[in-house]
$ cat model_1.tsv   # TSV, N, CA and C atoms and all ligand atoms
chain	number	residue	atom	x	y	z
A	1	MET	N	193.23	177.20	-65.99
A	1	MET	CA	194.57	176.71	-66.29
A	1	MET	C	194.59	176.02	-67.64
A	2	ASN	N	195.65	176.20	-68.33
A	2	ASN	CA	195.79	175.62	-69.66
A	2	ASN	C	196.48	174.27	-69.55
A	3	ASN	N	195.74	173.19	-69.84
A	3	ASN	CA	196.31	171.86	-69.70
A	3	ASN	C	196.99	171.37	-70.97
A	4	GLN	N	196.85	172.15	-72.03
A	4	GLN	CA	197.44	171.74	-73.30
A	4	GLN	C	198.97	171.85	-73.19
A	5	GLU	N	199.64	170.72	-73.37
A	5	GLU	CA	201.10	170.75	-73.26
A	5	GLU	C	201.72	171.33	-74.53
A	6	ILE	N	202.64	172.23	-74.32
A	6	ILE	CA	203.34	172.83	-75.46
A	6	ILE	C	204.68	172.11	-75.59
A	7	ARG	N	204.97	171.62	-76.77
A	7	ARG	CA	206.32	171.08	-77.02
A	7	ARG	C	206.92	171.88	-78.15
A	8	LEU	N	207.95	172.63	-77.85
A	8	LEU	CA	208.57	173.45	-78.88
A	8	LEU	C	209.69	172.66	-79.54
A	9	ALA	N	209.82	172.80	-80.85
A	9	ALA	CA	210.83	172.05	-81.59
A	9	ALA	C	212.23	172.55	-81.27
A	10	ALA	N	213.21	171.65	-81.41
A	10	ALA	CA	214.58	171.97	-81.04
A	10	ALA	C	215.25	172.92	-82.04
A	11	TRP	N	215.08	172.65	-83.33
A	11	TRP	CA	215.85	173.41	-84.32
A	11	TRP	C	215.55	174.91	-84.34
A	12	PRO	N	214.26	175.31	-84.32
A	12	PRO	CA	214.03	176.77	-84.27
A	12	PRO	C	214.62	177.40	-83.01
A	13	ALA	N	214.59	176.66	-81.89
A	13	ALA	CA	215.16	177.20	-80.65
A	13	ALA	C	216.66	177.38	-80.79
A	14	ILE	N	217.33	176.44	-81.47
A	14	ILE	CA	218.78	176.53	-81.63
A	14	ILE	C	219.13	177.67	-82.60
A	15	VAL	N	218.41	177.73	-83.72
A	15	VAL	CA	218.70	178.75	-84.73
A	15	VAL	C	218.49	180.15	-84.14
A	16	HIS	N	217.43	180.32	-83.36
A	16	HIS	CA	217.12	181.65	-82.83
A	16	HIS	C	217.74	181.92	-81.46
A	17	GLY	N	218.59	181.01	-80.97
A	17	GLY	CA	219.30	181.25	-79.72
A	17	GLY	C	218.39	181.31	-78.51
A	18	LYS	N	217.49	180.36	-78.41
A	18	LYS	CA	216.58	180.33	-77.26
A	18	LYS	C	217.17	179.48	-76.15
A	19	CYS	N	216.62	179.66	-74.96
A	19	CYS	CA	217.04	178.93	-73.77
A	19	CYS	C	216.90	177.42	-73.98
A	20	PRO	N	217.91	176.61	-73.60
A	20	PRO	CA	217.81	175.16	-73.82
A	20	PRO	C	216.77	174.48	-72.93
A	21	ARG	N	216.40	175.10	-71.82
A	21	ARG	CA	215.46	174.44	-70.93
A	21	ARG	C	214.01	174.69	-71.32
A	22	CYS	N	213.65	175.97	-71.62
A	22	CYS	CA	212.25	176.25	-71.95
A	22	CYS	C	212.04	176.49	-73.44
A	23	ARG	N	213.12	176.78	-74.19
A	23	ARG	CA	213.05	177.08	-75.62
A	23	ARG	C	212.18	178.30	-75.92
A	24	ARG	N	212.01	179.18	-74.95
A	24	ARG	CA	211.22	180.40	-75.17
A	24	ARG	C	212.04	181.66	-74.95
A	25	GLY	N	212.80	181.70	-73.86
A	25	GLY	CA	213.54	182.93	-73.53
A	25	GLY	C	214.76	183.09	-74.41
A	26	ASN	N	215.12	184.34	-74.72
A	26	ASN	CA	216.31	184.60	-75.53
A	26	ASN	C	217.56	184.45	-74.69
A	27	MET	N	218.60	183.80	-75.27
A	27	MET	CA	219.88	183.70	-74.58
A	27	MET	C	220.65	185.01	-74.66
A	28	PHE	N	220.45	185.74	-75.76
A	28	PHE	CA	221.25	186.94	-75.99
A	28	PHE	C	220.36	188.18	-75.93
A	29	ALA	N	220.92	189.25	-75.36
A	29	ALA	CA	220.17	190.50	-75.21
A	29	ALA	C	220.35	191.39	-76.43
A	30	THR	N	221.37	191.13	-77.24
A	30	THR	CA	221.65	192.00	-78.39
A	30	THR	C	221.60	191.15	-79.66
A	31	PRO	N	221.37	191.79	-80.82
A	31	PRO	CA	221.39	191.03	-82.08
A	31	PRO	C	222.81	190.56	-82.41
A	32	MET	N	222.91	189.57	-83.32
A	32	MET	CA	224.21	188.98	-83.64
A	32	MET	C	225.15	190.01	-84.27
A	33	TYR	N	224.65	190.80	-85.24
A	33	TYR	CA	225.50	191.79	-85.89
A	33	TYR	C	225.00	193.19	-85.56
A	34	HIS	N	225.78	193.91	-84.78
A	34	HIS	CA	225.48	195.30	-84.46
A	34	HIS	C	226.76	195.91	-83.93
A	35	PHE	N	226.77	197.22	-83.74
A	35	PHE	CA	227.96	197.86	-83.21
A	35	PHE	C	228.01	197.63	-81.71
A	36	GLY	N	229.19	197.33	-81.21
A	36	GLY	CA	229.33	197.03	-79.79
A	36	GLY	C	229.38	195.53	-79.60
A	37	SER	N	229.71	195.13	-78.36
A	37	SER	CA	229.87	193.70	-78.12
A	37	SER	C	228.52	193.04	-77.88
A	38	GLN	N	228.49	191.75	-78.07
A	38	GLN	CA	227.27	190.99	-77.84
A	38	GLN	C	227.07	190.82	-76.34
A	39	VAL	N	225.87	190.95	-75.90
A	39	VAL	CA	225.56	190.80	-74.48
A	39	VAL	C	224.64	189.60	-74.32
A	40	MET	N	225.06	188.71	-73.42
A	40	MET	CA	224.24	187.53	-73.15
A	40	MET	C	223.44	187.78	-71.87
A	41	ASN	N	222.20	187.34	-71.85
A	41	ASN	CA	221.42	187.44	-70.63
A	41	ASN	C	222.02	186.54	-69.56
A	42	LYS	N	222.02	187.02	-68.32
A	42	LYS	CA	222.54	186.19	-67.21
A	42	LYS	C	221.60	185.01	-66.93
A	43	THR	N	220.31	185.31	-66.95
A	43	THR	CA	219.33	184.25	-66.72
A	43	THR	C	218.32	184.29	-67.86
A	44	CYS	N	217.62	183.18	-68.04
A	44	CYS	CA	216.59	183.12	-69.07
A	44	CYS	C	215.44	184.04	-68.67
A	45	PRO	N	215.03	184.96	-69.58
A	45	PRO	CA	213.93	185.86	-69.23
A	45	PRO	C	212.59	185.14	-69.08
A	46	HIS	N	212.49	183.91	-69.56
A	46	HIS	CA	211.23	183.20	-69.45
A	46	HIS	C	211.19	182.27	-68.24
A	47	CYS	N	212.18	181.38	-68.10
A	47	CYS	CA	212.13	180.38	-67.02
A	47	CYS	C	213.14	180.67	-65.91
A	48	GLY	N	214.02	181.64	-66.10
A	48	GLY	CA	214.95	182.02	-65.04
A	48	GLY	C	216.17	181.14	-64.90
A	49	MET	N	216.41	180.24	-65.86
A	49	MET	CA	217.60	179.40	-65.78
A	49	MET	C	218.86	180.25	-65.88
A	50	VAL	N	219.86	179.95	-65.05
A	50	VAL	CA	221.13	180.66	-65.12
A	50	VAL	C	221.95	180.03	-66.25
A	51	PHE	N	222.33	180.85	-67.24
A	51	PHE	CA	223.03	180.29	-68.40
A	51	PHE	C	224.46	179.88	-68.07
A	52	GLU	N	225.16	180.70	-67.28
A	52	GLU	CA	226.53	180.33	-66.92
A	52	GLU	C	226.44	179.36	-65.75
A	53	ARG	N	226.50	178.07	-66.04
A	53	ARG	CA	226.17	177.02	-65.08
A	53	ARG	C	227.10	177.03	-63.88
A	54	GLU	N	228.35	177.40	-64.11
A	54	GLU	CA	229.30	177.52	-63.01
A	54	GLU	C	230.31	178.58	-63.44
A	55	PRO	N	231.09	179.14	-62.50
A	55	PRO	CA	232.02	180.19	-62.91
A	55	PRO	C	232.97	179.68	-64.00
A	56	GLY	N	233.16	180.47	-65.04
A	56	GLY	CA	234.06	180.10	-66.12
A	56	GLY	C	233.48	179.07	-67.06
A	57	TYR	N	232.18	178.86	-66.98
A	57	TYR	CA	231.58	177.81	-67.80
A	57	TYR	C	231.79	178.06	-69.30
A	58	PHE	N	231.80	179.33	-69.70
A	58	PHE	CA	231.87	179.63	-71.13
A	58	PHE	C	233.29	179.54	-71.69
A	59	TYR	N	234.27	179.22	-70.84
A	59	TYR	CA	235.59	178.91	-71.41
A	59	TYR	C	235.49	177.70	-72.33
A	60	VAL	N	234.60	176.77	-72.00
A	60	VAL	CA	234.42	175.59	-72.85
A	60	VAL	C	233.91	176.01	-74.22
A	61	ALA	N	233.11	177.10	-74.26
A	61	ALA	CA	232.59	177.57	-75.53
A	61	ALA	C	233.73	178.04	-76.45
A	62	MET	N	234.86	178.46	-75.87
A	62	MET	CA	235.99	178.85	-76.71
A	62	MET	C	236.51	177.65	-77.49
A	63	LEU	N	236.49	176.47	-76.87
A	63	LEU	CA	236.93	175.27	-77.58
A	63	LEU	C	235.97	174.96	-78.71
A	64	VAL	N	234.67	175.15	-78.46
A	64	VAL	CA	233.67	174.90	-79.49
A	64	VAL	C	233.87	175.89	-80.63
A	65	SER	N	234.10	177.17	-80.29
A	65	SER	CA	234.27	178.15	-81.36
A	65	SER	C	235.58	177.92	-82.10
A	66	TYR	N	236.60	177.40	-81.42
A	66	TYR	CA	237.84	177.04	-82.10
A	66	TYR	C	237.57	175.93	-83.13
A	67	ALA	N	236.83	174.91	-82.71
A	67	ALA	CA	236.50	173.81	-83.64
A	67	ALA	C	235.69	174.34	-84.82
A	68	MET	N	234.76	175.27	-84.55
A	68	MET	CA	233.98	175.85	-85.64
A	68	MET	C	234.88	176.63	-86.60
A	69	PHE	N	235.84	177.40	-86.03
A	69	PHE	CA	236.72	178.20	-86.86
A	69	PHE	C	237.60	177.30	-87.74
A	70	VAL	N	238.12	176.21	-87.16
A	70	VAL	CA	238.95	175.29	-87.95
A	70	VAL	C	238.13	174.69	-89.09
A	71	ALA	N	236.89	174.29	-88.79
A	71	ALA	CA	236.03	173.71	-89.83
A	71	ALA	C	235.76	174.74	-90.93
A	72	GLU	N	235.53	176.00	-90.53
A	72	GLU	CA	235.29	177.05	-91.54
A	72	GLU	C	236.53	177.32	-92.36
A	73	MET	N	237.72	177.32	-91.69
A	73	MET	CA	238.97	177.57	-92.39
A	73	MET	C	239.23	176.50	-93.44
A	74	VAL	N	239.06	175.23	-93.04
A	74	VAL	CA	239.30	174.12	-93.97
A	74	VAL	C	238.32	174.20	-95.13
A	75	SER	N	237.04	174.47	-94.84
A	75	SER	CA	236.04	174.58	-95.90
A	75	SER	C	236.40	175.70	-96.87
A	76	MET	N	236.84	176.83	-96.33
A	76	MET	CA	237.19	177.95	-97.20
A	76	MET	C	238.41	177.63	-98.04
A	77	ALA	N	239.41	176.97	-97.44
A	77	ALA	CA	240.62	176.63	-98.19
A	77	ALA	C	240.26	175.71	-99.36
A	78	VAL	N	239.40	174.73	-99.09
A	78	VAL	CA	238.96	173.82	-100.16
A	78	VAL	C	238.18	174.59	-101.22
A	79	ALA	N	237.31	175.50	-100.77
A	79	ALA	CA	236.51	176.29	-101.71
A	79	ALA	C	237.39	177.18	-102.57
A	80	ILE	N	238.39	177.84	-101.97
A	80	ILE	CA	239.28	178.72	-102.73
A	80	ILE	C	240.05	177.91	-103.75
A	81	ARG	N	240.54	176.75	-103.32
A	81	ARG	CA	241.31	175.89	-104.22
A	81	ARG	C	240.44	175.43	-105.39
A	82	THR	N	239.21	175.03	-105.07
A	82	THR	CA	238.30	174.52	-106.11
A	82	THR	C	237.90	175.64	-107.08
A	83	LEU	N	237.60	176.82	-106.53
A	83	LEU	CA	237.07	177.90	-107.36
A	83	LEU	C	238.16	178.61	-108.16
A	84	THR	N	239.35	178.82	-107.56
A	84	THR	CA	240.38	179.59	-108.25
A	84	THR	C	241.52	178.72	-108.76
A	85	GLY	N	241.77	177.58	-108.13
A	85	GLY	CA	242.92	176.76	-108.51
A	85	GLY	C	244.25	177.39	-108.17
A	86	SER	N	244.22	178.48	-107.38
A	86	SER	CA	245.43	179.22	-107.08
A	86	SER	C	246.26	178.51	-106.01
A	87	SER	N	247.58	178.75	-106.04
A	87	SER	CA	248.42	178.24	-104.95
A	87	SER	C	249.14	179.40	-104.27
A	88	ASN	N	248.66	180.63	-104.47
A	88	ASN	CA	249.24	181.80	-103.82
A	88	ASN	C	248.78	181.85	-102.36
A	89	PRO	N	249.72	181.69	-101.40
A	89	PRO	CA	249.30	181.62	-99.99
A	89	PRO	C	248.62	182.90	-99.51
A	90	TRP	N	248.98	184.07	-100.08
A	90	TRP	CA	248.39	185.34	-99.61
A	90	TRP	C	246.91	185.41	-99.94
A	91	LEU	N	246.51	184.78	-101.02
A	91	LEU	CA	245.08	184.73	-101.35
A	91	LEU	C	244.33	183.97	-100.26
A	92	TYR	N	244.90	182.85	-99.84
A	92	TYR	CA	244.25	182.04	-98.80
A	92	TYR	C	244.22	182.79	-97.48
A	93	VAL	N	245.37	183.36	-97.09
A	93	VAL	CA	245.44	184.07	-95.80
A	93	VAL	C	244.46	185.24	-95.79
A	94	GLY	N	244.44	186.01	-96.88
A	94	GLY	CA	243.57	187.19	-96.94
A	94	GLY	C	242.11	186.82	-96.84
A	95	ILE	N	241.69	185.86	-97.64
A	95	ILE	CA	240.27	185.50	-97.65
A	95	ILE	C	239.88	184.83	-96.33
A	96	ILE	N	240.72	183.91	-95.83
A	96	ILE	CA	240.36	183.18	-94.61
A	96	ILE	C	240.29	184.13	-93.41
A	97	LEU	N	241.25	185.06	-93.30
A	97	LEU	CA	241.20	185.98	-92.16
A	97	LEU	C	240.01	186.93	-92.26
A	98	THR	N	239.72	187.42	-93.48
A	98	THR	CA	238.58	188.32	-93.66
A	98	THR	C	237.28	187.62	-93.30
A	99	VAL	N	237.09	186.44	-93.85
A	99	VAL	CA	235.85	185.72	-93.55
A	99	VAL	C	235.82	185.32	-92.08
A	100	GLY	N	236.97	184.98	-91.50
A	100	GLY	CA	237.04	184.64	-90.08
A	100	GLY	C	236.57	185.78	-89.20
A	101	VAL	N	236.98	187.01	-89.54
A	101	VAL	CA	236.54	188.18	-88.76
A	101	VAL	C	235.04	188.39	-88.94
A	102	ILE	N	234.57	188.24	-90.18
A	102	ILE	CA	233.13	188.44	-90.43
A	102	ILE	C	232.32	187.40	-89.67
A	103	LEU	N	232.83	186.17	-89.58
A	103	LEU	CA	232.08	185.10	-88.92
A	103	LEU	C	232.25	185.06	-87.40
A	104	SER	N	233.15	185.89	-86.85
A	104	SER	CA	233.42	185.75	-85.41
A	104	SER	C	232.19	186.01	-84.53
A	105	PRO	N	231.31	186.98	-84.82
A	105	PRO	CA	230.10	187.09	-83.97
A	105	PRO	C	229.21	185.85	-84.08
A	106	PHE	N	229.16	185.28	-85.27
A	106	PHE	CA	228.40	184.04	-85.47
A	106	PHE	C	228.98	182.91	-84.62
A	107	ASN	N	230.32	182.77	-84.66
A	107	ASN	CA	230.97	181.71	-83.88
A	107	ASN	C	230.78	181.92	-82.39
A	108	PHE	N	230.90	183.17	-81.94
A	108	PHE	CA	230.72	183.48	-80.52
A	108	PHE	C	229.34	183.02	-80.06
A	109	ARG	N	228.34	183.38	-80.84
A	109	ARG	CA	226.96	183.08	-80.45
A	109	ARG	C	226.68	181.58	-80.54
A	110	TYR	N	227.01	180.97	-81.67
A	110	TYR	CA	226.62	179.57	-81.84
A	110	TYR	C	227.50	178.61	-81.05
A	111	SER	N	228.71	179.01	-80.67
A	111	SER	CA	229.49	178.13	-79.80
A	111	SER	C	228.79	178.00	-78.45
A	112	ARG	N	228.23	179.09	-77.94
A	112	ARG	CA	227.51	179.03	-76.66
A	112	ARG	C	226.19	178.28	-76.80
A	113	ILE	N	225.54	178.48	-77.94
A	113	ILE	CA	224.28	177.77	-78.15
A	113	ILE	C	224.53	176.26	-78.25
A	114	ILE	N	225.57	175.86	-79.01
A	114	ILE	CA	225.89	174.44	-79.15
A	114	ILE	C	226.27	173.86	-77.79
A	115	LEU	N	227.06	174.62	-77.04
A	115	LEU	CA	227.49	174.15	-75.71
A	115	LEU	C	226.28	173.89	-74.81
A	116	LEU	N	225.35	174.83	-74.76
A	116	LEU	CA	224.22	174.68	-73.84
A	116	LEU	C	223.19	173.68	-74.35
A	117	HIS	N	223.01	173.60	-75.67
A	117	HIS	CA	221.97	172.71	-76.17
A	117	HIS	C	222.44	171.25	-76.29
A	118	TRP	N	223.71	171.04	-76.60
A	118	TRP	CA	224.14	169.66	-76.88
A	118	TRP	C	225.24	169.14	-75.97
A	119	LEU	N	226.09	170.02	-75.46
A	119	LEU	CA	227.29	169.52	-74.79
A	119	LEU	C	227.23	169.64	-73.28
A	120	THR	N	226.09	170.01	-72.74
A	120	THR	CA	225.98	170.15	-71.30
A	120	THR	C	225.24	168.95	-70.72
A	121	PRO	N	225.93	168.11	-69.95
A	121	PRO	CA	225.24	166.96	-69.37
A	121	PRO	C	224.21	167.41	-68.35
A	122	GLY	N	223.08	166.75	-68.32
A	122	GLY	CA	222.06	167.04	-67.32
A	122	GLY	C	221.19	168.24	-67.65
A	123	LEU	N	221.41	168.89	-68.78
A	123	LEU	CA	220.57	170.03	-69.15
A	123	LEU	C	219.71	169.60	-70.34
A	124	HIS	N	218.42	169.50	-70.12
A	124	HIS	CA	217.51	169.01	-71.16
A	124	HIS	C	216.31	169.93	-71.27
A	125	TYR	N	215.64	169.80	-72.40
A	125	TYR	CA	214.41	170.54	-72.60
A	125	TYR	C	213.35	170.06	-71.62
A	126	GLN	N	212.71	171.00	-70.94
A	126	GLN	CA	211.63	170.66	-70.01
A	126	GLN	C	210.37	171.34	-70.50
A	127	PRO	N	209.52	170.59	-71.22
A	127	PRO	CA	208.35	171.21	-71.86
A	127	PRO	C	207.45	171.95	-70.88
A	128	GLU	N	207.42	171.51	-69.63
A	128	GLU	CA	206.51	172.18	-68.68
A	128	GLU	C	206.95	173.63	-68.43
A	129	THR	N	208.22	173.95	-68.70
A	129	THR	CA	208.67	175.33	-68.50
A	129	THR	C	208.32	176.23	-69.68
A	130	SER	N	207.84	175.62	-70.81
A	130	SER	CA	207.54	176.41	-72.00
A	130	SER	C	206.22	177.16	-71.91
A	131	SER	N	205.33	176.68	-71.03
A	131	SER	CA	204.00	177.29	-71.00
A	131	SER	C	204.08	178.73	-70.52
A	132	ASP	N	203.03	179.48	-70.81
A	132	ASP	CA	203.01	180.88	-70.41
A	132	ASP	C	203.04	181.00	-68.90
A	133	LYS	N	203.66	182.09	-68.47
A	133	LYS	CA	203.76	182.29	-67.01
A	133	LYS	C	202.39	182.49	-66.41
A	134	LYS	N	202.24	181.98	-65.19
A	134	LYS	CA	200.94	182.12	-64.52
A	134	LYS	C	200.87	183.45	-63.79
B	201	ZN	ZN	214.34	179.34	-70.22

$ encode --input "model_1.tsv" --output "structure tokens"
Amino acid sequence: MNNQEIRLAAWPAIVHGKCPRCRRGNMFATPMYHFGSQVMNKTCPHCGMVFEREPGYFYVAMLVSYAMFVAEMVSMAVAIRTLTGSSNPWLYVGIILTVGVILSPFNFRYSRIILLHWLTPGLHYQPETSSDKK
């Protein structure tokens, strides 16, 4: 038996979309950008945690992705204003909607990651689940 405790860092697990409990299993079955919809694993392939904690749990992720989208929109509006100095509303609408569509798979994925890693009470990293399966 391997007694060496493994503690995996939080940030790589968040960036790579790993399970919040073991930080080893992938949350998503498909890559972020590809043709077709993103598929999330029902359970963690490493520790077996059920990602959808209760029915409709990921509706909360829509609020997170809404907050992310608003933050991106405001940042882009400030960036467009700073870079071009334009006051043409169609420039803002065109760029913000285009970038919003491009970022939507990112928002979908990271809203769920943020929800499970930071906004779920009672769900914490359990280092003992990170070790290799026996
Ligand atoms: Zn896991």

$ atom_distance --input "model_1.tsv" --atom1 "atom CA of A:Asn88" --atom2 "atom CA of A:Phe69"
21.4 Å

$ residues_near_ligand --input "model_1.tsv" --ligand "ligand ZN 201 (chain B)" --cutoff "6 Å" --atoms "only N, CA and C atoms and all ligand atoms" --output "number ranges by chain"
A: 19-25, 44-49

$ atom_distance --input "model_1.tsv" --atom1 "atom N of A:Glu54" --atom2 "atom C of A:Lys42"
10.6 Å

$ atom_distance --input "model_1.tsv" --atom1 "atom C of A:Met73" --atom2 "atom C of A:Leu91"
11.3 Å

$ closest_residue --input "model_1.tsv" --among "A:Leu83, A:Pro31, A:Ser65, A:Arg53" --to "A:Ser111" --atoms "all atoms listed in the file"
A:Ser65

$ select_by_dssp --input "model_1.tsv" --residues "chain A" --states "strand (DSSP E or B)" --output "list in words"
Lys18, Asn26, Phe28, Met40, Thr43 and Val50 of chain A

$ select_by_dssp --input "model_1.tsv" --residues "stretch 12-60 of chain A" --states "helix (DSSP H, G or I)" --output "list in words"
Pro12, Ala13, Ile14, Val15, Tyr59 and Val60 of chain A

$ closest_residue --input "model_1.tsv" --among "A:Arg7, A:His16, A:His34, A:Arg112" --to "A:Phe58" --atoms "all atoms listed in the file"
A:Arg112

$ closest_residue --input "model_1.tsv" --among "A:Leu119, A:Ile114, A:His124, A:Pro89" --to "A:Met27" --atoms "only C-alpha atoms"
A:Ile114

$ residues_near_point --input "model_1.tsv" --point "(224.7, 188.9, -85.9)" --cutoff "9 Å" --atoms "only C-alpha atoms" --output "MDAnalysis selection string"
chainID A and resid 30:34 38 103 105:106 109
